[in-house]
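The data block below is target_36.json; it holds JSON, C-alpha atoms and all ligand atoms.
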[["chain", "number", "residue", "atom", "x", "y", "z"],
["A", 1, "MET", "CA", -37.69, 24.89, -52.99],
["A", 2, "GLN", "CA", -38.62, 27.71, -50.64],
["A", 3, "LYS", "CA", -40.25, 30.77, -52.18],
["A", 4, "THR", "CA", -37.44, 32.90, -50.79],
["A", 5, "THR", "CA", -34.55, 30.87, -52.27],
["A", 6, "THR", "CA", -32.37, 33.07, -54.44],
["A", 7, "ILE", "CA", -30.33, 31.76, -57.37],
["A", 8, "GLY", "CA", -27.50, 33.59, -59.10],
["A", 9, "PHE", "CA", -26.24, 32.58, -62.53],
["A", 10, "ILE", "CA", -22.75, 33.57, -63.64],
["A", 11, "GLY", "CA", -22.69, 33.32, -67.43],
["A", 12, "ALA", "CA", -25.88, 34.03, -69.37],
["A", 13, "GLY", "CA", -25.25, 31.70, -72.35],
["A", 14, "ASN", "CA", -27.13, 28.68, -73.68],
["A", 15, "MET", "CA", -27.11, 26.53, -70.55],
["A", 16, "ALA", "CA", -28.04, 29.40, -68.21],
["A", 17, "HIS", "CA", -30.87, 30.22, -70.62],
["A", 18, "ALA", "CA", -32.13, 26.62, -70.50],
["A", 19, "LEU", "CA", -31.97, 26.45, -66.70],
["A", 20, "ILE", "CA", -33.64, 29.82, -66.14],
["A", 21, "SER", "CA", -36.44, 28.87, -68.60],
["A", 22, "GLY", "CA", -36.88, 25.54, -66.82],
["A", 23, "LEU", "CA", -37.04, 27.15, -63.38],
["A", 24, "ILE", "CA", -39.53, 29.83, -64.44],
["A", 25, "ASN", "CA", -41.70, 27.29, -66.29],
["A", 26, "ASN", "CA", -41.74, 25.27, -63.07],
["A", 27, "GLY", "CA", -43.08, 28.23, -61.10],
["A", 28, "PHE", "CA", -39.83, 29.66, -59.69],
["A", 29, "GLU", "CA", -40.07, 33.44, -59.11],
["A", 30, "ALA", "CA", -38.06, 35.41, -61.70],
["A", 31, "SER", "CA", -37.54, 38.11, -59.05],
["A", 32, "ASN", "CA", -35.38, 35.62, -57.09],
["A", 33, "ILE", "CA", -32.99, 35.09, -60.00],
["A", 34, "LYS", "CA", -29.87, 37.19, -60.63],
["A", 35, "LEU", "CA", -27.74, 36.87, -63.72],
["A", 36, "SER", "CA", -24.34, 38.20, -64.75],
["A", 37, "ASP", "CA", -22.31, 38.13, -67.96],
["A", 38, "THR", "CA", -19.72, 40.25, -69.73],
["A", 39, "ASP", "CA", -21.99, 40.59, -72.79],
["A", 40, "THR", "CA", -24.39, 43.47, -72.18],
["A", 41, "THR", "CA", -26.47, 42.76, -75.32],
["A", 42, "LEU", "CA", -27.09, 39.21, -74.11],
["A", 43, "LEU", "CA", -27.97, 40.49, -70.63],
["A", 44, "SER", "CA", -30.55, 42.88, -72.11],
["A", 45, "GLN", "CA", -32.12, 39.99, -74.06],
["A", 46, "ARG", "CA", -32.32, 37.83, -70.93],
["A", 47, "LYS", "CA", -33.79, 40.68, -68.89],
["A", 48, "LEU", "CA", -36.43, 41.28, -71.56],
["A", 49, "GLU", "CA", -37.30, 37.57, -71.84],
["A", 50, "PHE", "CA", -37.31, 36.60, -68.16],
["A", 51, "SER", "CA", -37.56, 39.86, -66.15],
["A", 52, "VAL", "CA", -34.58, 38.78, -64.05],
["A", 53, "GLU", "CA", -32.08, 41.19, -62.47],
["A", 54, "VAL", "CA", -28.91, 41.42, -64.57],
["A", 55, "PHE", "CA", -25.36, 42.58, -63.77],
["A", 56, "THR", "CA", -22.00, 42.90, -65.49],
["A", 57, "ASP", "CA", -20.30, 42.48, -62.11],
["A", 58, "ASN", "CA", -20.23, 38.79, -61.06],
["A", 59, "SER", "CA", -19.70, 39.69, -57.41],
["A", 60, "GLN", "CA", -23.15, 41.30, -57.28],
["A", 61, "VAL", "CA", -24.67, 37.95, -58.29],
["A", 62, "ALA", "CA", -22.67, 35.93, -55.79],
["A", 63, "THR", "CA", -23.43, 38.23, -52.88],
["A", 64, "GLY", "CA", -26.34, 36.98, -50.80],
["A", 65, "CYS", "CA", -27.60, 34.27, -53.18],
["A", 66, "ASP", "CA", -28.46, 30.84, -51.69],
["A", 67, "VAL", "CA", -27.26, 29.13, -54.86],
["A", 68, "VAL", "CA", -24.64, 30.27, -57.38],
["A", 69, "VAL", "CA", -24.66, 28.48, -60.73],
["A", 70, "LEU", "CA", -21.30, 28.66, -62.48],
["A", 71, "ALA", "CA", -22.34, 28.66, -66.15],
["A", 72, "VAL", "CA", -19.22, 30.01, -67.87],
["A", 73, "LYS", "CA", -16.79, 28.14, -70.13],
["A", 74, "PRO", "CA", -14.39, 25.85, -68.25],
["A", 75, "GLN", "CA", -11.31, 27.90, -69.27],
["A", 76, "ILE", "CA", -12.49, 31.00, -67.39],
["A", 77, "LEU", "CA", -13.94, 29.30, -64.33],
["A", 78, "SER", "CA", -10.76, 29.77, -62.33],
["A", 79, "SER", "CA", -10.74, 33.57, -62.78],
["A", 80, "VAL", "CA", -14.49, 33.81, -62.08],
["A", 81, "CYS", "CA", -14.15, 31.81, -58.84],
["A", 82, "LYS", "CA", -11.22, 33.93, -57.66],
["A", 83, "GLU", "CA", -13.24, 37.07, -58.48],
["A", 84, "ILE", "CA", -16.28, 35.99, -56.41],
["A", 85, "LYS", "CA", -14.30, 34.31, -53.62],
["A", 86, "ILE", "CA", -14.82, 37.03, -50.99],
["A", 87, "HIS", "CA", -18.49, 37.32, -51.98],
["A", 88, "THR", "CA", -19.27, 33.66, -51.19],
["A", 89, "ARG", "CA", -18.25, 33.72, -47.54],
["A", 90, "HIS", "CA", -21.92, 33.11, -46.63],
["A", 91, "ARG", "CA", -21.36, 29.57, -48.08],
["A", 92, "PRO", "CA", -23.97, 29.36, -50.83],
["A", 93, "LEU", "CA", -24.45, 26.11, -52.74],
["A", 94, "MET", "CA", -22.13, 26.35, -55.75],
["A", 95, "ILE", "CA", -23.37, 24.40, -58.79],
["A", 96, "SER", "CA", -20.84, 24.00, -61.57],
["A", 97, "ILE", "CA", -22.01, 22.95, -65.01],
["A", 98, "ALA", "CA", -18.54, 23.46, -66.51],
["A", 99, "ALA", "CA", -17.28, 20.37, -68.30],
["A", 100, "GLY", "CA", -14.11, 18.83, -66.89],
["A", 101, "VAL", "CA", -13.33, 21.19, -64.01],
["A", 102, "LYS", "CA", -12.85, 19.29, -60.76],
["A", 103, "SER", "CA", -14.63, 20.20, -57.51],
["A", 104, "ARG", "CA", -11.36, 20.33, -55.57],
["A", 105, "ASP", "CA", -10.05, 23.01, -57.96],
["A", 106, "ILE", "CA", -13.27, 25.02, -57.71],
["A", 107, "ASN", "CA", -13.07, 24.69, -53.92],
["A", 108, "ALA", "CA", -9.46, 25.87, -53.86],
["A", 109, "TRP", "CA", -10.23, 28.85, -56.14],
["A", 110, "LEU", "CA", -13.12, 29.78, -53.82],
["A", 111, "GLY", "CA", -10.82, 29.70, -50.80],
["A", 112, "GLY", "CA", -11.86, 26.30, -49.36],
["A", 113, "GLY", "CA", -14.89, 25.00, -47.45],
["A", 114, "ALA", "CA", -17.29, 25.52, -50.37],
["A", 115, "SER", "CA", -20.42, 23.39, -50.87],
["A", 116, "ILE", "CA", -20.10, 22.22, -54.46],
["A", 117, "VAL", "CA", -22.33, 20.15, -56.69],
["A", 118, "ARG", "CA", -20.55, 19.40, -59.94],
["A", 119, "THR", "CA", -22.86, 18.48, -62.79],
["A", 120, "MET", "CA", -22.63, 17.25, -66.35],
["A", 121, "PRO", "CA", -25.79, 18.27, -68.22],
["A", 122, "ASN", "CA", -26.34, 17.83, -71.96],
["A", 123, "THR", "CA", -27.75, 19.97, -74.77],
["A", 124, "PRO", "CA", -31.30, 18.51, -74.78],
["A", 125, "ALA", "CA", -31.64, 20.52, -71.54],
["A", 126, "LEU", "CA", -32.33, 23.35, -74.01],
["A", 127, "VAL", "CA", -35.66, 21.66, -74.85],
["A", 128, "GLY", "CA", -36.38, 20.39, -71.33],
["A", 129, "LYS", "CA", -35.19, 16.85, -72.12],
["A", 130, "GLY", "CA", -31.75, 16.95, -70.55],
["A", 131, "ALA", "CA", -29.91, 14.13, -68.83],
["A", 132, "THR", "CA", -27.58, 15.28, -66.06],
["A", 133, "GLY", "CA", -25.08, 13.37, -63.96],
["A", 134, "MET", "CA", -24.07, 15.06, -60.70],
["A", 135, "VAL", "CA", -21.90, 14.62, -57.66],
["A", 136, "ALA", "CA", -21.75, 16.50, -54.35],
["A", 137, "ASN", "CA", -18.70, 17.21, -52.22],
["A", 138, "ASP", "CA", -18.72, 16.53, -48.46],
["A", 139, "ALA", "CA", -19.73, 20.06, -47.54],
["A", 140, "VAL", "CA", -23.09, 19.83, -49.37],
["A", 141, "SER", "CA", -26.08, 19.40, -47.01],
["A", 142, "ASP", "CA", -29.15, 17.27, -47.80],
["A", 143, "LYS", "CA", -31.15, 20.47, -48.23],
["A", 144, "GLN", "CA", -28.61, 21.77, -50.74],
["A", 145, "LYS", "CA", -28.74, 18.44, -52.61],
["A", 146, "GLU", "CA", -32.51, 18.90, -52.93],
["A", 147, "LEU", "CA", -31.94, 22.40, -54.30],
["A", 148, "ALA", "CA", -29.55, 21.02, -56.93],
["A", 149, "GLU", "CA", -32.12, 18.35, -57.84],
["A", 150, "GLN", "CA", -34.83, 20.97, -58.29],
["A", 151, "ILE", "CA", -32.61, 23.18, -60.47],
["A", 152, "LEU", "CA", -31.24, 20.44, -62.77],
["A", 153, "GLY", "CA", -34.59, 18.60, -62.62],
["A", 154, "SER", "CA", -36.25, 21.66, -64.18],
["A", 155, "VAL", "CA", -34.58, 20.82, -67.53],
["A", 156, "GLY", "CA", -34.86, 17.03, -67.57],
["A", 157, "GLU", "CA", -33.70, 14.07, -65.53],
["A", 158, "TYR", "CA", -30.76, 13.92, -63.13],
["A", 159, "PHE", "CA", -28.76, 11.08, -61.63],
["A", 160, "TRP", "CA", -26.32, 11.21, -58.71],
["A", 161, "VAL", "CA", -23.02, 9.40, -59.15],
["A", 162, "LYS", "CA", -20.95, 8.39, -56.11],
["A", 163, "GLU", "CA", -17.48, 9.27, -57.36],
["A", 164, "GLU", "CA", -16.52, 12.42, -59.22],
["A", 165, "THR", "CA", -14.39, 10.34, -61.60],
["A", 166, "MET", "CA", -17.68, 8.80, -62.85],
["A", 167, "LEU", "CA", -18.57, 12.15, -64.39],
["A", 168, "ASP", "CA", -16.05, 11.35, -67.16],
["A", 169, "ALA", "CA", -18.15, 8.27, -67.98],
["A", 170, "VAL", "CA", -21.32, 10.41, -67.86],
["A", 171, "THR", "CA", -19.62, 12.84, -70.26],
["A", 172, "ALA", "CA", -18.81, 9.98, -72.64],
["A", 173, "LEU", "CA", -22.38, 8.67, -72.50],
["A", 174, "SER", "CA", -24.95, 11.46, -72.11],
["A", 175, "GLY", "CA", -22.73, 14.56, -72.32],
["A", 176, "SER", "CA", -21.48, 13.78, -75.81],
["A", 177, "GLY", "CA", -24.35, 11.36, -76.52],
["A", 178, "PRO", "CA", -26.72, 13.75, -78.30],
["A", 179, "ALA", "CA", -24.11, 14.07, -81.09],
["A", 180, "TYR", "CA", -24.04, 10.27, -81.51],
["A", 181, "PHE", "CA", -27.78, 10.30, -82.15],
["A", 182, "PHE", "CA", -27.45, 13.29, -84.50],
["A", 183, "LEU", "CA", -24.85, 11.27, -86.43],
["A", 184, "MET", "CA", -27.28, 8.33, -86.60],
["A", 185, "ILE", "CA", -30.05, 10.61, -87.90],
["A", 186, "GLU", "CA", -27.65, 12.12, -90.45],
["A", 187, "SER", "CA", -26.42, 8.68, -91.61],
["A", 188, "MET", "CA", -29.94, 7.21, -91.85],
["A", 189, "THR", "CA", -31.10, 10.27, -93.80],
["A", 190, "ASN", "CA", -28.19, 9.95, -96.27],
["A", 191, "ALA", "CA", -28.79, 6.20, -96.64],
["A", 192, "GLY", "CA", -32.51, 6.86, -97.26],
["A", 193, "VAL", "CA", -31.60, 9.38, -99.98],
["A", 194, "ALA", "CA", -29.23, 6.80, -101.54],
["A", 195, "LEU", "CA", -32.21, 4.42, -101.64],
["A", 196, "GLY", "CA", -34.21, 6.98, -103.60],
["A", 197, "LEU", "CA", -36.11, 8.97, -100.95],
["A", 198, "ASP", "CA", -36.52, 12.74, -101.02],
["A", 199, "LYS", "CA", -34.02, 14.34, -98.59],
["A", 200, "GLN", "CA", -36.76, 16.17, -96.69],
["A", 201, "ILE", "CA", -38.85, 13.04, -96.26],
["A", 202, "ALA", "CA", -35.82, 10.91, -95.35],
["A", 203, "GLU", "CA", -34.82, 13.43, -92.67],
["A", 204, "LYS", "CA", -38.32, 13.65, -91.20],
["A", 205, "LEU", "CA", -38.64, 9.85, -91.14],
["A", 206, "SER", "CA", -35.24, 9.52, -89.41],
["A", 207, "ILE", "CA", -36.03, 12.12, -86.75],
["A", 208, "GLN", "CA", -39.51, 10.74, -86.04],
["A", 209, "THR", "CA", -38.14, 7.19, -85.86],
["A", 210, "ALA", "CA", -35.50, 8.28, -83.32],
["A", 211, "LEU", "CA", -38.17, 10.04, -81.26],
["A", 212, "GLY", "CA", -40.55, 7.06, -81.49],
["A", 213, "ALA", "CA", -37.90, 4.51, -80.54],
["A", 214, "SER", "CA", -36.69, 6.64, -77.65],
["A", 215, "THR", "CA", -40.24, 7.23, -76.36],
["A", 216, "MET", "CA", -41.10, 3.52, -76.64],
["A", 217, "SER", "CA", -37.91, 2.60, -74.86],
["A", 218, "LYS", "CA", -38.68, 5.04, -72.04],
["A", 219, "GLN", "CA", -42.33, 4.03, -71.64],
["A", 220, "SER", "CA", -41.98, 0.26, -72.01],
["A", 221, "ALA", "CA", -41.16, -2.18, -69.23],
["A", 222, "ASP", "CA", -39.11, -4.13, -71.79],
["A", 223, "SER", "CA", -35.37, -3.60, -72.13],
["A", 224, "ALA", "CA", -33.92, -2.22, -75.38],
["A", 225, "LEU", "CA", -32.79, -5.76, -76.19],
["A", 226, "GLU", "CA", -36.33, -7.12, -75.72],
["A", 227, "LEU", "CA", -37.87, -4.32, -77.76],
["A", 228, "ARG", "CA", -35.40, -5.02, -80.55],
["A", 229, "ALA", "CA", -36.16, -8.75, -80.47],
["A", 230, "LYS", "CA", -39.90, -7.97, -80.74],
["A", 231, "VAL", "CA", -39.46, -5.94, -83.93],
["A", 232, "THR", "CA", -36.95, -8.34, -85.51],
["A", 233, "SER", "CA", -38.89, -11.10, -87.25],
["A", 234, "LYS", "CA", -37.00, -14.11, -88.51],
["A", 235, "ASN", "CA", -35.68, -13.60, -92.04],
["A", 236, "GLY", "CA", -37.29, -10.15, -92.12],
["A", 237, "THR", "CA", -35.91, -6.77, -93.17],
["A", 238, "THR", "CA", -34.88, -5.67, -89.65],
["A", 239, "GLN", "CA", -32.93, -8.90, -89.16],
["A", 240, "ALA", "CA", -31.08, -8.27, -92.42],
["A", 241, "ALA", "CA", -30.07, -4.79, -91.22],
["A", 242, "ILE", "CA", -29.13, -5.88, -87.68],
["A", 243, "GLU", "CA", -26.97, -8.71, -89.02],
["A", 244, "SER", "CA", -25.21, -6.25, -91.29],
["A", 245, "PHE", "CA", -24.57, -3.95, -88.29],
["A", 246, "GLN", "CA", -23.25, -6.86, -86.25],
["A", 247, "GLU", "CA", -20.99, -8.16, -89.01],
["A", 248, "GLN", "CA", -19.37, -4.72, -88.91],
["A", 249, "ASN", "CA", -18.99, -4.78, -85.12],
["A", 250, "PHE", "CA", -21.52, -2.09, -84.31],
["A", 251, "GLU", "CA", -21.16, -2.60, -80.54],
["A", 252, "ILE", "CA", -17.39, -2.38, -80.70],
["A", 253, "ILE", "CA", -17.60, 0.81, -82.77],
["A", 254, "ILE", "CA", -19.82, 2.39, -80.06],
["A", 255, "SER", "CA", -17.60, 1.10, -77.28],
["A", 256, "HIS", "CA", -14.43, 2.50, -78.89],
["A", 257, "ALA", "CA", -16.09, 5.86, -79.53],
["A", 258, "MET", "CA", -17.23, 6.18, -75.93],
["A", 259, "ARG", "CA", -13.81, 5.12, -74.64],
["A", 260, "ALA", "CA", -12.27, 7.91, -76.79],
["A", 261, "ALA", "CA", -14.72, 10.46, -75.31],
["A", 262, "PHE", "CA", -13.97, 9.16, -71.78],
["A", 263, "GLU", "CA", -10.19, 9.46, -72.25],
["A", 264, "ARG", "CA", -10.57, 12.97, -73.71],
["A", 265, "ALA", "CA", -12.80, 14.04, -70.77],
["A", 266, "ARG", "CA", -10.08, 12.85, -68.36],
["A", 267, "GLU", "CA", -7.38, 14.66, -70.33],
["A", 268, "ILE", "CA", -9.39, 17.91, -70.34],
["A", 269, "GLY", "CA", -9.89, 17.52, -66.57],
["A", 270, "PHE", "CA", -6.11, 17.32, -66.09],
["A", 271, "GLU", "CA", -5.44, 20.20, -68.47],
["A", 272, "LEU", "CA", -7.79, 22.46, -66.48],
["A", 273, "SER", "CA", -6.57, 21.34, -63.07],
["A", 274, "ASP", "CA", -4.12, 23.16, -60.82],
["A", 275, "ASN", "CA", -3.33, 19.81, -59.16],
["A", 276, "ALA", "CA", -2.87, 17.50, -62.12],
["B", 1, "LIG", "N1", -23.94, 23.72, -74.08],
["B", 1, "LIG", "C1", -23.89, 22.46, -73.64],
["B", 1, "LIG", "O1", -24.42, 21.54, -74.23],
["B", 1, "LIG", "C2", -23.23, 22.10, -72.37],
["B", 1, "LIG", "C3", -23.41, 20.80, -71.88],
["B", 1, "LIG", "C4", -22.79, 20.49, -70.67],
["B", 1, "LIG", "C5", -22.04, 21.44, -70.00],
["B", 1, "LIG", "N2", -21.89, 22.68, -70.54],
["B", 1, "LIG", "C6", -21.07, 23.64, -69.82],
["B", 1, "LIG", "O2", -21.87, 24.75, -69.50],
["B", 1, "LIG", "C7", -21.04, 25.91, -69.45],
["B", 1, "LIG", "C8", -21.72, 27.01, -70.23],
["B", 1, "LIG", "O3", -21.89, 26.55, -71.57],
["B", 1, "LIG", "P1", -22.76, 27.38, -72.59],
["B", 1, "LIG", "O4", -22.97, 26.51, -73.77],
["B", 1, "LIG", "O5", -23.94, 27.99, -71.89],
["B", 1, "LIG", "O6", -21.69, 28.53, -72.95],
["B", 1, "LIG", "P2", -21.94, 29.97, -73.56],
["B", 1, "LIG", "O7", -23.21, 29.99, -74.32],
["B", 1, "LIG", "O8", -20.67, 30.39, -74.21],
["B", 1, "LIG", "O9", -22.17, 30.87, -72.24],
["B", 1, "LIG", "C9", -21.15, 31.32, -71.40],
["B", 1, "LIG", "C10", -21.36, 32.82, -71.20],
["B", 1, "LIG", "O10", -20.41, 33.28, -70.24],
["B", 1, "LIG", "C11", -19.98, 34.57, -70.67],
["B", 1, "LIG", "N3", -18.74, 34.96, -70.01],
["B", 1, "LIG", "C12", -17.45, 34.95, -70.49],
["B", 1, "LIG", "N4", -16.60, 35.41, -69.57],
["B", 1, "LIG", "C13", -17.36, 35.73, -68.48],
["B", 1, "LIG", "C14", -17.04, 36.26, -67.20],
["B", 1, "LIG", "N5", -15.78, 36.54, -66.84],
["B", 1, "LIG", "N6", -18.04, 36.48, -66.33],
["B", 1, "LIG", "C15", -19.33, 36.19, -66.67],
["B", 1, "LIG", "N7", -19.69, 35.68, -67.86],
["B", 1, "LIG", "C16", -18.71, 35.47, -68.75],
["B", 1, "LIG", "C17", -19.83, 34.37, -72.15],
["B", 1, "LIG", "O11", -19.71, 35.59, -72.81],
["B", 1, "LIG", "P3", -18.82, 35.62, -74.19],
["B", 1, "LIG", "O12", -19.52, 34.73, -75.15],
["B", 1, "LIG", "O13", -18.84, 37.06, -74.54],
["B", 1, "LIG", "O14", -17.45, 35.10, -73.81],
["B", 1, "LIG", "C18", -21.14, 33.63, -72.47],
["B", 1, "LIG", "O15", -22.21, 34.54, -72.65],
["B", 1, "LIG", "C19", -19.68, 25.51, -70.01],
["B", 1, "LIG", "O16", -18.75, 25.40, -68.95],
["B", 1, "LIG", "C20", -19.90, 24.17, -70.64],
["B", 1, "LIG", "O17", -18.77, 23.32, -70.44],
["B", 1, "LIG", "C21", -22.48, 23.03, -71.70]]

Let me see whether you can do it: turn the structure in this file into structure tokens.
Amino acid sequence: MQKTTTIGFIGAGNMAHALISGLINNGFEASNIKLSDTDTTLLSQRKLEFSVEVFTDNSQVATGCDVVVLAVKPQILSSVCKEIKIHTRHRPLMISIAAGVKSRDINAWLGGGASIVRTMPNTPALVGKGATGMVANDAVSDKQKELAEQILGSVGEYFWVKEETMLDAVTALSGSGPAYFFLMIESMTNAGVALGLDKQIAEKLSIQTALGASTMSKQSADSALELRAKVTSKNGTTQAAIESFQEQNFEIIISHAMRAAFERAREIGFELSDNA
């Protein structure tokens, strides 16, 4: 990213906080970041923490920035886009992190011809371990794609998908995925307590096991299936647990849950669309 690139964030909430932290930790100049929100207390906190320029008027952020990150809730994205429409005539890269809202709607609200990268990040972005799926519309240049990669890459890993409809699958997998792992941690903790462990110890063991398994899986050349086979000795304790999972159709449970998330993501997309 060039030293002179300017980035404007509209919405100063959790995700904007994560992205601004990531950018600054990666050496991006705070003086090239502008931020707007309706909440003046939040803006003061962000200004104090990051020394970025803050505004209550979204148009002041859109004006002149090379990149505008739309970091407001999906339900108010339409009004925000219409508000900044005349201030984005210089054709900045628009990055939307709003769940469900389609690029063609954002483009229409901005008056057409906008360069849009639509992304689906997840909450671990807040600790620099995010997983983001993203898709670019036809107006996005290669240079703008690189900018999007640098911004989302500052809070974790990113993956381009070819079709925007695939973002619903990304939502079902990594977007909602952190909650699936939280549920696993919660369930393993409760089961450990039922087996006689102290709650605190059971929780710490669950969390560390999740972290260890995830790190091993990431660092190893083996697939998850191979890693599982390696730790499952014949007639051992792990085999007993895995067989119990399989008898209760563990894979089908996961598949149904993700299908439900996928269908809901599509529904939300239609609910928020002007062209459903
Ligand atoms: N958090 C996640 O894990 C996650 C993951 C993937 C995608 N996303 C997407 O990221 C976006 C932001 O999520 P978030 O968790 O950061 O939300 P958030 O913490 O609620 O931040 C949004 C901010 O926008 C402010 N706002 C409301 N109306 C505004 C306006 N007209 N102009 C400017 N700012 C305005 C809100 O203020 P008030 O609170 O006063 O309304 C709030 O401070 C959402 O679209 C969400 O779908 C979030």

Shell of 7 Å around ligand LIG 1 (chain B) (only C-alpha atoms and all ligand atoms), written as a list in words: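 Listed by chain and ascending number, the contacts are Ile10, Gly11, Ala12, Gly13, Asn14, Met15, Ala16, Ser36, Asp37, Thr38, Asp39, Leu42, Asn58, Ala71, Val72, Lys73, Pro74, Ile76, Val80, Ile97, Ala98, Ala99, Met120, Pro121, Asn122, Thr123 and Gly175 of chain A.
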
Point-to-point distance from atom CA of A:Val61 to atom CA of A:Val135, Å rounded to tenths: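 Atom CA of A:Val61 sits 23.5 Å away from atom CA of A:Val135.
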
For atom CA of A:Thr63 and atom CA of A:Pro92, the interatomic separation in Å (one decimal):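 Atom CA of A:Thr63 sits 9.1 Å away from atom CA of A:Pro92.
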
Take every atom of stretch 157-163 of chain A listed in the file, pad by 4 Å on each side, and give me the axis-aligned box centre and edge lengths in Å, one decimal, as AutoDock Vina command-line options.
--center_x -25.6 --center_y 11.2 --center_z -60.8 --size_x 24.2 --size_y 13.7 --size_z 17.4

Neighbour residues at most 10 Å from (-18.3, 17.1, -52.7) (only C-alpha atoms) as a PyMOL selection string: chain A and resi 102-104+107+114-118+135-141+162-164

Contact table stretch 93-159 of chain A vs stretch 257-275 of chain A, cut-off 7 Å, shortest pair per residue, all atoms listed in the file, as a Markdown table:
| residue | atom | partner | partner_atom | distance |
| --- | --- | --- | --- | --- |
| A:Gly100 | CA | A:Gly269 | CA | 4.4 |
| A:Val101 | CA | A:Gly269 | CA | 5.6 |
| A:Lys102 | CA | A:Gly269 | CA | 6.8 |
| A:Asp105 | CA | A:Ser273 | CA | 6.4 |

Exercise: A:Ile7 partners within 6 Å, only C-alpha atoms, chain neighbours under 6 positions left out, as number ranges by chain: A: 33, 65, 67-68

Those residues with C-alpha atoms, as a CSV table (one decimal), in the coordinates of the input please?
chain,number,residue,atom,x,y,z
A,33,ILE,CA,-33.0,35.1,-60.0
A,65,CYS,CA,-27.6,34.3,-53.2
A,67,VAL,CA,-27.3,29.1,-54.9
A,68,VAL,CA,-24.6,30.3,-57.4

Residue nearest A:Gly128 - candidates A:Ser223, A:Ser154, A:Ser174, A:Ser31, atoms counted: only C-alpha atoms: A:Ser154

Coordinates-based distance that separates atom CA of A:Lys218 from atom CA of A:Asn26 (Å, one decimal):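 Computing it gives 22.3 Å between the two atoms.
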
Which residue of A:Leu147, A:Leu43, A:Ile242, A:Leu227 approaches A:Met94 most closely, using all atoms listed in the file: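 Nearest to A:Met94: A:Leu147.
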
From A:Ile106, A:Val127, A:Leu167, A:His87, residue lying nearest A:His17 [all atoms listed in the file]: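 So, comparing all the options, the nearest one is A:Val127.
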
Nearest to A:Met184 by atom-to-atom distance, counting all atoms listed in the file, from A:Ala62, A:Asp198, A:Ala210, A:Glu49: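 That would be A:Ala210, the residue with the smallest distance to A:Met184.
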
Nearest-residue call for A:Ser79, choices A:Gly113, A:Gly64, A:Ala108, A:Thr56, using all atoms listed in the file: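 Selected residue with least distance to A:Ser79: A:Ala108.
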
Which residue of A:Leu93, A:Ala172, A:Ser255, A:Ile24 approaches A:Glu146 most closely, using all atoms listed in the file: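 The answer is A:Leu93, which sits nearest to A:Glu146.
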